[in-house]
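Raw contents of upload-v9.csv, CSV, C-alpha atoms:
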chain,number,residue,atom,x,y,z
A,88,MET,CA,0.0,0.0,0.0
A,89,ALA,CA,1.4,3.4,-1.0
A,90,TYR,CA,0.5,6.9,0.0
A,91,VAL,CA,-2.5,8.1,-2.0
A,92,HIS,CA,-0.7,11.3,-2.9
A,93,PRO,CA,3.0,10.6,-2.8
A,94,GLU,CA,3.6,13.7,-4.9
A,95,VAL,CA,3.3,15.9,-1.8
A,96,LEU,CA,6.4,14.5,-0.2
A,97,VAL,CA,10.1,14.8,-1.0
A,98,ASP,CA,13.0,13.4,1.0
A,99,THR,CA,16.1,15.2,2.3
A,100,GLU,CA,18.2,13.5,-0.4
A,101,TRP,CA,16.0,14.9,-3.1
A,102,VAL,CA,16.1,18.4,-1.6
A,103,SER,CA,19.9,18.2,-1.5
A,104,LYS,CA,20.1,17.4,-5.2
A,105,ASN,CA,17.3,19.8,-6.4
A,106,PRO,CA,18.1,23.3,-5.3
A,107,PRO,CA,15.6,26.1,-5.8
A,108,ASN,CA,15.4,27.9,-9.1
A,109,ASP,CA,13.0,30.2,-10.9
A,110,ASN,CA,10.2,27.6,-10.8
A,111,ARG,CA,11.0,25.9,-7.5
A,112,LYS,CA,11.2,27.7,-4.2
A,113,LEU,CA,12.4,26.2,-0.9
A,114,VAL,CA,10.8,27.7,2.2
A,115,GLU,CA,11.6,27.1,5.8
A,116,VAL,CA,8.6,27.6,8.0
A,117,ASP,CA,9.5,28.1,11.6
A,118,TYR,CA,7.7,28.7,14.9
A,119,ASP,CA,11.0,29.9,16.4
A,120,PRO,CA,13.2,31.3,13.7
A,121,GLU,CA,15.8,32.7,16.2
A,122,ASN,CA,16.6,29.1,17.1
A,123,GLY,CA,16.0,27.7,13.6
A,124,TYR,CA,16.4,29.5,10.3
A,125,ARG,CA,18.7,32.3,11.7
A,126,LYS,CA,21.1,29.8,13.2
A,127,GLY,CA,21.3,28.0,9.9
A,128,HIS,CA,19.0,26.8,7.0
A,129,ILE,CA,19.2,24.8,3.8
A,130,LYS,CA,20.9,26.8,1.1
A,131,GLY,CA,18.5,28.9,-1.0
A,132,ALA,CA,15.6,28.6,1.5
A,133,SER,CA,13.6,31.7,2.4
A,134,LEU,CA,11.9,32.1,5.8
A,135,ILE,CA,8.3,32.1,6.6
A,136,TRP,CA,7.8,32.9,10.2
A,137,TRP,CA,4.6,31.3,11.3
A,138,LYS,CA,3.6,34.0,13.7
A,139,ARG,CA,4.6,37.0,11.6
A,140,ASP,CA,3.8,35.8,8.1
A,141,ILE,CA,1.0,33.3,8.4
A,142,ASN,CA,-1.1,35.1,11.0
A,143,ASP,CA,-2.9,38.4,10.9
A,144,PRO,CA,-0.9,40.8,13.0
A,145,ILE,CA,-3.9,42.0,15.1
A,146,ALA,CA,-6.8,39.6,15.1
A,147,ARG,CA,-6.6,35.9,15.9
A,148,ASP,CA,-6.8,34.6,12.3
A,149,ILE,CA,-4.7,33.4,9.5
A,150,VAL,CA,-3.7,35.9,6.8
A,151,ASN,CA,-6.3,37.1,4.5
A,152,LYS,CA,-6.1,36.8,0.7
A,153,GLU,CA,-4.3,40.1,0.2
A,154,GLN,CA,-1.8,39.3,2.9
A,155,PHE,CA,-1.2,35.9,1.5
A,156,GLN,CA,-0.6,37.3,-2.0
A,157,GLU,CA,1.9,39.8,-0.5
A,158,LEU,CA,3.6,36.9,1.3
A,159,MET,CA,3.9,34.9,-2.0
A,160,ALA,CA,5.2,37.9,-3.9
A,161,LYS,CA,7.8,38.6,-1.2
A,162,ASN,CA,9.0,35.0,-1.4
A,163,GLY,CA,9.3,35.0,-5.2
A,164,ILE,CA,6.4,32.5,-5.6
A,165,LYS,CA,4.1,32.5,-8.6
A,166,PRO,CA,0.8,30.6,-8.8
A,167,ASP,CA,2.5,27.8,-10.7
A,168,THR,CA,5.7,27.7,-8.6
A,169,GLU,CA,6.7,24.4,-7.0
A,170,VAL,CA,7.1,25.1,-3.3
A,171,ILE,CA,9.1,22.8,-1.1
A,172,MET,CA,8.4,23.4,2.6
A,173,TYR,CA,10.2,22.2,5.7
A,174,GLY,CA,10.6,23.5,9.2
A,175,ASP,CA,11.2,23.2,12.9
A,176,PHE,CA,9.1,21.4,15.5
A,177,ASN,CA,8.7,18.3,13.4
A,178,ASN,CA,7.3,20.2,10.4
A,179,TRP,CA,4.2,21.3,12.4
A,180,PHE,CA,4.3,24.8,11.1
A,181,ALA,CA,5.3,23.7,7.6
A,182,ALA,CA,2.2,21.6,7.7
A,183,PHE,CA,0.1,24.6,8.9
A,184,SER,CA,1.5,26.7,6.0
A,185,PHE,CA,0.8,23.9,3.6
A,186,TRP,CA,-2.8,24.0,4.8
A,187,VAL,CA,-2.9,27.8,4.4
A,188,PHE,CA,-1.4,27.5,0.9
A,189,LYS,CA,-4.0,25.0,-0.1
A,190,TYR,CA,-6.7,27.1,1.5
A,191,PHE,CA,-5.7,29.9,-0.9
A,192,GLY,CA,-5.5,27.5,-3.8
A,193,HIS,CA,-1.8,27.0,-4.3
A,194,GLU,CA,-1.5,23.6,-6.0
A,195,ASN,CA,2.1,22.6,-6.3
A,196,ILE,CA,3.4,22.2,-2.7
A,197,LYS,CA,5.5,19.5,-1.2
A,198,ILE,CA,6.8,18.8,2.3
A,199,MET,CA,10.3,17.6,3.0
A,200,ASN,CA,9.8,14.5,5.0
A,201,GLY,CA,11.3,14.8,8.5
A,202,GLY,CA,11.9,18.5,8.3
A,203,ARG,CA,14.9,20.1,10.1
A,204,LYS,CA,15.1,17.1,12.5
A,205,LYS,CA,16.0,14.6,9.7
A,206,TRP,CA,18.3,17.1,7.9
A,207,GLU,CA,20.2,17.6,11.1
A,208,LEU,CA,20.3,13.9,12.0
A,209,GLU,CA,22.0,13.3,8.6
A,210,ASN,CA,24.5,16.1,9.3
A,211,ARG,CA,23.6,17.9,6.2
A,212,GLU,CA,24.9,21.4,5.5
A,213,TYR,CA,23.2,24.6,6.6
A,214,THR,CA,24.0,28.2,5.7
A,215,THR,CA,23.1,31.5,7.4
A,216,GLU,CA,23.2,33.3,4.0
A,217,GLU,CA,19.7,34.5,3.0
A,218,PRO,CA,18.8,34.2,-0.7
A,219,GLN,CA,18.2,37.2,-2.9
A,220,ILE,CA,14.6,37.0,-4.1
A,221,ASP,CA,13.0,38.8,-6.9
A,222,LYS,CA,9.5,39.9,-6.0
A,223,THR,CA,6.7,38.3,-8.0
A,224,SER,CA,3.1,39.1,-8.6
A,225,TYR,CA,0.6,36.6,-7.2
A,226,THR,CA,-3.1,36.3,-7.4
A,227,ALA,CA,-4.6,33.8,-5.0
A,228,LYS,CA,-7.8,31.9,-5.4
A,229,GLU,CA,-10.8,32.4,-3.1
A,230,PRO,CA,-10.4,30.5,0.1
A,231,ASP,CA,-11.4,26.8,0.1
A,232,GLU,CA,-13.6,26.7,3.2
A,233,GLN,CA,-13.9,22.9,2.9
A,234,LEU,CA,-10.4,22.7,4.4
A,235,ARG,CA,-11.2,24.9,7.4
A,236,GLU,CA,-13.6,24.4,10.4
A,237,TYR,CA,-14.9,27.1,12.6
A,238,LEU,CA,-16.4,27.1,16.1
A,239,ASP,CA,-20.0,27.0,14.8
A,240,GLY,CA,-19.2,24.0,12.6
A,241,VAL,CA,-17.6,22.1,15.4
A,242,LYS,CA,-20.7,22.8,17.6
A,243,LYS,CA,-23.0,21.4,14.9
A,244,ALA,CA,-20.7,18.4,14.5
A,245,LEU,CA,-21.4,17.4,18.1
A,246,ASP,CA,-24.8,16.0,17.0
A,247,ASP,CA,-23.8,14.6,13.7
A,248,ASN,CA,-22.8,11.0,13.5
A,249,ASN,CA,-21.1,11.4,10.1
A,250,ILE,CA,-18.6,13.7,11.5
A,251,VAL,CA,-15.7,12.5,13.6
A,252,MET,CA,-13.2,14.6,15.6
A,253,VAL,CA,-9.6,13.9,16.0
A,254,ASP,CA,-7.9,15.6,19.0
A,255,VAL,CA,-4.2,15.3,18.1
A,256,ARG,CA,-2.9,16.6,21.4
A,257,SER,CA,-1.0,14.6,24.1
A,258,PRO,CA,-3.1,12.4,26.4
A,259,LYS,CA,-2.5,14.8,29.3
A,260,GLU,CA,-4.0,17.6,27.3
A,261,PHE,CA,-6.8,15.4,26.2
A,262,THR,CA,-7.8,14.5,29.8
A,263,GLY,CA,-7.4,18.0,31.0
A,264,GLU,CA,-4.5,17.3,33.3
A,265,ILE,CA,-2.7,20.1,31.6
A,266,THR,CA,-3.9,22.8,29.2
A,267,ALA,CA,-0.4,23.4,27.8
A,268,PRO,CA,3.1,22.3,28.6
A,269,PRO,CA,5.1,24.8,30.7
A,270,GLU,CA,7.2,25.6,27.6
A,271,TYR,CA,4.2,27.4,26.1
A,272,PRO,CA,2.8,29.7,28.8
A,273,MET,CA,1.0,31.8,26.2
A,274,GLU,CA,-1.1,28.9,25.0
A,275,HIS,CA,-3.2,28.0,28.0
A,276,ALA,CA,-7.0,27.9,28.1
A,277,GLN,CA,-9.4,28.5,31.0
A,278,ARG,CA,-10.5,24.9,31.0
A,279,GLY,CA,-8.9,21.6,30.3
A,280,GLY,CA,-10.3,18.5,28.6
A,281,HIS,CA,-11.6,17.8,25.1
A,282,ILE,CA,-14.5,18.4,22.8
A,283,PRO,CA,-17.2,15.8,23.6
A,284,GLY,CA,-16.9,12.7,21.4
A,285,ALA,CA,-13.4,13.5,20.1
A,286,ASN,CA,-10.9,10.7,19.6
A,287,ASN,CA,-7.4,11.2,21.0
A,288,ILE,CA,-4.9,10.3,18.3
A,289,PRO,CA,-1.7,12.3,19.1
A,290,TRP,CA,0.0,13.7,16.1
A,291,ALA,CA,3.2,11.9,17.0
A,292,THR,CA,1.6,8.5,16.4
A,293,ALA,CA,1.8,9.3,12.7
A,294,VAL,CA,5.6,9.7,12.6
A,295,ASN,CA,8.7,7.6,13.2
A,296,ASP,CA,10.2,8.7,16.4
A,297,ALA,CA,13.8,8.3,15.2
A,298,ASP,CA,13.7,10.8,12.4
A,299,GLY,CA,10.3,12.5,12.3
A,300,THR,CA,9.4,11.0,8.9
A,301,PHE,CA,5.8,9.8,8.3
A,302,LYS,CA,4.9,6.2,9.0
A,303,SER,CA,4.0,3.9,6.2
A,304,ALA,CA,0.5,4.0,4.6
A,305,GLU,CA,-0.3,0.6,6.2
A,306,GLU,CA,0.7,1.8,9.6
A,307,LEU,CA,-1.2,5.1,9.3
A,308,LYS,CA,-4.3,3.3,8.0
A,309,GLN,CA,-4.2,1.0,11.0
A,310,ILE,CA,-3.8,3.8,13.5
A,311,TYR,CA,-6.7,5.9,12.3
A,312,GLU,CA,-9.1,3.1,11.3
A,313,SER,CA,-8.7,1.3,14.6
A,314,LYS,CA,-10.1,4.5,16.2
A,315,GLY,CA,-13.1,4.7,13.8
A,316,ILE,CA,-11.5,7.4,11.7
A,317,THR,CA,-12.5,6.1,8.3
A,318,SER,CA,-12.5,7.7,4.8
A,319,ASP,CA,-16.3,7.6,4.5
A,320,LYS,CA,-16.6,10.1,7.4
A,321,ASN,CA,-16.1,13.9,7.6
A,322,VAL,CA,-13.1,14.4,9.8
A,323,ILE,CA,-12.3,17.5,11.9
A,324,CYS,CA,-8.8,17.7,13.3
A,325,TYR,CA,-7.9,20.0,16.2
A,326,CYS,CA,-5.1,20.6,18.8
A,327,ARG,CA,-4.2,23.7,20.8
A,328,ILE,CA,-3.6,26.3,18.2
A,329,GLY,CA,-4.1,24.4,15.0
A,330,GLU,CA,-0.5,23.5,14.0
A,331,ARG,CA,-0.2,19.9,15.2
A,332,SER,CA,-3.7,19.3,13.8
A,333,SER,CA,-2.6,20.5,10.4
A,334,HIS,CA,0.1,17.9,10.5
A,335,SER,CA,-2.6,15.2,11.1
A,336,TRP,CA,-4.8,16.9,8.5
A,337,PHE,CA,-2.0,16.5,6.0
A,338,VAL,CA,-1.7,12.8,6.9
A,339,LEU,CA,-5.4,12.1,6.5
A,340,LYS,CA,-6.0,14.2,3.5
A,341,TYR,CA,-2.9,13.5,1.4
A,342,LEU,CA,-1.1,10.4,2.7
A,343,LEU,CA,-4.3,8.4,3.3
A,344,GLY,CA,-6.4,10.3,0.7
A,345,TYR,CA,-9.5,10.9,2.9
A,346,PRO,CA,-11.8,13.2,0.8
A,347,ASN,CA,-13.3,15.3,3.6
A,348,VAL,CA,-10.9,16.5,6.3
A,349,SER,CA,-10.8,19.9,7.8
A,350,ASN,CA,-8.6,21.7,10.3
A,351,TYR,CA,-10.2,23.5,13.2
A,352,ASP,CA,-7.4,26.1,13.7
A,353,GLY,CA,-9.3,27.8,16.6
A,354,SER,CA,-8.7,24.5,18.4
A,355,TRP,CA,-8.5,24.2,22.2
A,356,THR,CA,-7.4,27.7,22.8
A,357,GLU,CA,-10.7,28.8,21.4
A,358,TRP,CA,-13.0,25.9,22.5
A,359,GLY,CA,-11.5,25.8,26.1
A,360,ASN,CA,-12.0,29.5,26.6
A,361,MET,CA,-15.6,29.9,25.4
A,362,ILE,CA,-18.4,30.3,27.9
A,363,LYS,CA,-20.8,27.4,28.1
A,364,ASN,CA,-18.9,25.2,25.6
A,365,PRO,CA,-19.4,21.5,26.5
A,366,ILE,CA,-16.3,19.8,27.7
A,367,GLU,CA,-15.4,16.1,28.4
A,368,LYS,CA,-12.5,15.0,30.6
B,36,MET,CA,17.4,13.2,40.6
B,37,SER,CA,17.3,16.5,42.5
B,38,HIS,CA,13.8,16.1,43.6
B,39,ASP,CA,14.9,13.1,45.8
B,40,PHE,CA,17.2,15.2,47.9
B,41,PRO,CA,16.1,16.6,51.3
B,42,ILE,CA,14.8,20.2,51.3
B,43,LEU,CA,16.9,22.5,53.4
B,44,LYS,CA,14.9,25.6,52.9
B,45,LYS,CA,11.9,26.6,50.9
B,46,GLY,CA,10.1,29.8,49.9
B,47,SER,CA,7.0,30.6,47.8
B,48,PHE,CA,9.1,30.4,44.6
B,49,TYR,CA,12.2,28.3,45.5
B,50,PHE,CA,13.6,25.2,47.1
B,51,ILE,CA,17.1,24.7,48.3
B,52,LYS,CA,18.0,21.0,48.4
B,53,ASP,CA,20.9,19.2,49.9
B,54,GLY,CA,22.6,17.4,47.1
B,55,GLU,CA,25.6,15.2,47.5
B,56,ASN,CA,28.2,17.7,46.3
B,57,TYR,CA,26.0,20.6,45.6
B,58,LEU,CA,23.4,22.9,47.2
B,59,ILE,CA,20.7,22.9,44.6
B,60,MET,CA,18.5,25.9,44.2
B,61,GLU,CA,15.3,25.3,42.3
B,62,ASP,CA,13.0,27.8,40.7
B,63,LYS,CA,9.5,26.6,41.5
B,64,THR,CA,7.9,28.6,38.7
B,65,LYS,CA,9.8,26.4,36.2
B,66,ARG,CA,8.3,23.2,37.5
B,67,GLY,CA,7.6,20.7,34.8
B,68,LEU,CA,9.8,22.3,32.2
B,69,THR,CA,11.9,19.8,30.2
B,70,VAL,CA,15.6,20.1,31.0
B,71,LYS,CA,17.3,20.6,27.6
B,72,GLU,CA,20.9,21.3,28.7
B,73,ARG,CA,23.2,21.7,31.7
B,74,SER,CA,25.6,24.6,31.4
B,75,ILE,CA,27.0,27.6,33.2
B,76,ASP,CA,24.5,30.3,34.1
B,77,ASP,CA,26.2,33.5,33.3
B,78,LYS,CA,24.4,35.5,36.0
B,79,LEU,CA,25.2,33.3,39.0
B,80,ASN,CA,28.3,31.7,37.5
B,81,VAL,CA,27.4,28.1,38.5
B,82,GLU,CA,26.1,25.2,36.5
B,83,ALA,CA,22.4,25.2,35.9
B,84,GLU,CA,19.9,22.9,34.2
B,85,LYS,CA,18.1,24.9,31.6
B,86,GLY,CA,14.9,24.6,29.6
B,87,MET,CA,13.3,26.8,27.0
B,88,ILE,CA,10.2,28.9,27.2
B,89,HIS,CA,8.5,30.3,24.1
B,90,ASP,CA,7.1,33.8,24.1
B,91,MET,CA,4.1,35.2,22.3
B,92,ASP,CA,6.0,35.3,19.0
B,93,GLY,CA,7.1,31.7,19.4
B,94,ILE,CA,10.7,32.7,20.1
B,95,GLY,CA,12.4,30.3,22.6
B,96,HIS,CA,14.3,31.7,25.6
B,97,TRP,CA,16.7,29.7,27.7
B,98,VAL,CA,15.8,29.8,31.4
B,99,PRO,CA,17.5,28.2,34.3
B,100,ILE,CA,15.4,25.6,36.2
B,101,ARG,CA,17.9,24.7,39.0
B,102,TRP,CA,21.3,25.8,39.9
B,103,PHE,CA,24.1,23.7,41.3
B,104,PHE,CA,26.2,25.5,43.9
B,105,PRO,CA,29.4,23.4,44.8
B,106,LYS,CA,29.5,22.8,48.5
B,107,LYS,CA,33.2,23.4,48.5
B,108,GLN,CA,32.6,27.0,47.5
B,109,TYR,CA,29.1,27.9,48.8
B,110,ASP,CA,27.4,27.5,52.2
B,111,LEU,CA,23.6,27.6,52.7
B,112,GLY,CA,23.6,31.3,53.7
B,113,GLN,CA,25.2,32.3,50.3
B,114,VAL,CA,22.7,30.2,48.4
B,115,LEU,CA,19.9,31.6,50.4
B,116,GLU,CA,20.8,35.1,49.4
B,117,HIS,CA,20.3,34.2,45.7
B,118,ALA,CA,17.1,32.4,46.6
B,119,GLU,CA,15.7,35.4,48.5
B,120,ALA,CA,16.7,37.7,45.6
B,121,MET,CA,14.7,35.4,43.3
B,122,GLU,CA,11.8,35.4,45.8
B,123,LYS,CA,11.8,39.2,45.9
B,124,LYS,CA,11.8,39.4,42.0
B,125,TYR,CA,8.8,37.1,41.7
B,126,ASN,CA,6.9,38.9,44.5
B,127,GLU,CA,7.5,42.2,42.8
B,128,LEU,CA,6.2,40.6,39.5
B,129,ARG,CA,3.2,39.3,41.3
B,130,GLU,CA,2.4,42.7,42.7
B,131,LEU,CA,2.8,44.2,39.2
B,132,THR,CA,0.3,41.8,37.6
B,133,CYS,CA,-2.0,41.1,40.5
B,134,PRO,CA,-2.0,44.2,42.7
B,135,ASP,CA,-3.5,43.9,46.1
B,136,ASP,CA,-6.8,45.8,46.2
B,137,ASP,CA,-6.2,46.9,49.8
B,138,ASP,CA,-3.0,48.8,48.9

Could you spell out this file's structure in structure tokens?
Amino acid sequence: MAYVHPEVLVDTEWVSKNPPNDNRKLVEVDYDPENGYRKGHIKGASLIWWKRDINDPIARDIVNKEQFQELMAKNGIKPDTEVIMYGDFNNWFAAFSFWVFKYFGHENIKIMNGGRKKWELENREYTTEEPQIDKTSYTAKEPDEQLREYLDGVKKALDDNNIVMVDVRSPKEFTGEITAPPEYPMEHAQRGGHIPGANNIPWATAVNDADGTFKSAEELKQIYESKGITSDKNVICYCRIGERSSHSWFVLKYLLGYPNVSNYDGSWTEWGNMIKNPIEK
Amino acid sequence: MSHDFPILKKGSFYFIKDGENYLIMEDKTKRGLTVKERSIDDKLNVEAEKGMIHDMDGIGHWVPIRWFFPKKQYDLGQVLEHAEAMEKKYNELRELTCPDDDD
């Protein structure tokens, strides 16, 4: 059994032999660029800083169409450019950006399997030199709302047997023992627990611990199907801020080819803070 | 493991523990943080176990979790001075963020 969409993945070896050019851009997506990109990155890679570039600077939201177009132009990306993404934190934020790129209709995107973790384990080369990029003009498509779930949609899903929810957080977050690890004091919620009926399938179950690469299609199928997450259902993934869930969204949508998978990027920091939202522990 | 050592002194924000070769000062506000490295803390000039805390922008900052004062060089009184300075700093921070209505 192979991945349903193997074309969305490249490996580190391929990246090392296929440098960026006019039609192919390499992008590092970091949560923490000070301890990632700026200390060293793959030659030719530009930086997308998740907080600064993928999020609206004021409201809690991802960038809008105009902001996305400006980001693409700044990174030298055209609508038909092949974009290779990788990043820190096990590619969580690369996966989030992949989701945002798809939301605005960019077709040709790939993720470097294993991200910075695997590149470093293989002792491959980094540079601190930033590439010179010629600005492009980019027109995005209208957002594909099938890929995104909002609070109201999740509330409606509580009573819909055709919708299954996947909580990809750690078991301790799922049970409400913690709302966020101490490393992330800005990501707490007022209440701990999970959305009623959600299945806890931590994001990490989809990757090989040794190098952060995705598990085989057979393994992934077994992991999700054994918890009732099957391709005939509408699946909503969520975590704390929507980045780990975009990693699982990527697995379900592209590696297993489930047709209806969305990412609830409001996630627990929205659900666990709302008055009167039902919570299970 | 430092949490197995007897506690010599404690405050609202610190423990001082009696290690084999060290007096170990722990910052209670860093409880649960994963230790990522052990290296010299430039401020106190002793070895410290450090973790990383991410700010609102996602940027990680190294923070000491516990400091190891060699018993050959430091006695409890000296370590207590550092602990009380830390206690004062956190109390001031608490006042700043949660001022007492009676004041």

Exercise for review: Quote the spacing between CA of Val338 (chain A) and CA of Phe188 (chain A) in Å to one decimal place.
Suggested key: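 One can read the CA of Val338 (chain A) to CA of Phe188 (chain A) distance as 15.9 Å.
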
Review point. Got a sec to pull out which chain B residues are within 7 Å of chain A, counting only C-alpha atoms, and send them as a ChimeraX atom specification?
Key: /B:67-68,87-95

Check your understanding: Residues at most 8 Å from region 164-177 of chain A, counting all atoms listed in the file, excluding those fewer than 6 positions away in the same chain, as an NGL selection string?
Key -> :A and (110-119 or 123 or 185 or 193-204 or 223-227 or 299)

**Study point:** Selection: 10 Å around Asn162 (chain A), only C-alpha atoms, excl. self and same-chain fewer than 6 positions, as a VMD selection string
**Key:** chain A and resid 112 to 114 132 to 135 156 218 to 223

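Comparing the minimum interatomic distances between Asp254 (chain A) and each of A:Phe183, A:Tyr345, A:Tyr325, A:Tyr124, counting all atoms listed in the file, we find that A:Tyr325 sits nearest.
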
Practice item. Select, from B:Ala83, B:Cys133, B:Ile51, B:Leu43, the residue with the minimum atom-to-atom distance to Glu119 (chain B), counting only C-alpha atoms. Key: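 Among B:Ala83, B:Cys133, B:Ile51, B:Leu43, it is B:Ile51 that comes nearest to Glu119 (chain B).
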
Region 106-110 of chain B surroundings by all atoms listed in the file, 9 Å radius, close-in-sequence under 4 positions cut, as a PDB file with C-alpha atoms, in the coordinates of the input:
ATOM      1  CA  GLY B  54      22.600  17.400  47.100  1.00  0.00           C
ATOM      2  CA  GLU B  55      25.600  15.200  47.500  1.00  0.00           C
ATOM      3  CA  ASN B  56      28.200  17.700  46.300  1.00  0.00           C
ATOM      4  CA  TYR B  57      26.000  20.600  45.600  1.00  0.00           C
ATOM      5  CA  LEU B  58      23.400  22.900  47.200  1.00  0.00           C
ATOM      6  CA  VAL B 114      22.700  30.200  48.400  1.00  0.00           C
ATOM      7  CA  LEU B 115      19.900  31.600  50.400  1.00  0.00           C
TER       8      LEU B 115
END

Review point. So, counting all atoms listed in the file, which residue among A:Asn105, A:Gln233, A:Asn295, A:Asn151 is closest to Ser349 (chain A)?
Key: A:Gln233

Check your understanding: Excluding same-chain residues fewer than 5 positions from Glu82 (chain B), what lies within 6 Å of it counting all atoms listed in the file, as a ChimeraX atom specification?
Key -> /B:74-76,102-103

Practice item. Choose the residue, out of A:Glu236, A:Lys243, A:Cys326, A:Thr317, that has the smallest atom-to-atom separation from Ser257 (chain A); count only C-alpha atoms. Key: A:Cys326

Review point. CA of Gln277 (chain A) to CA of Gly353 (chain A): how many Å, to one decimal?
Key: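 CA of Gly353 (chain A) lies 14.4 Å from CA of Gln277 (chain A).
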
Review point. How many Å separate CA of Glu94 (chain A) from CA of Ala181 (chain A)?
Key: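 Distance reported for this atom pair: 16.1 Å.
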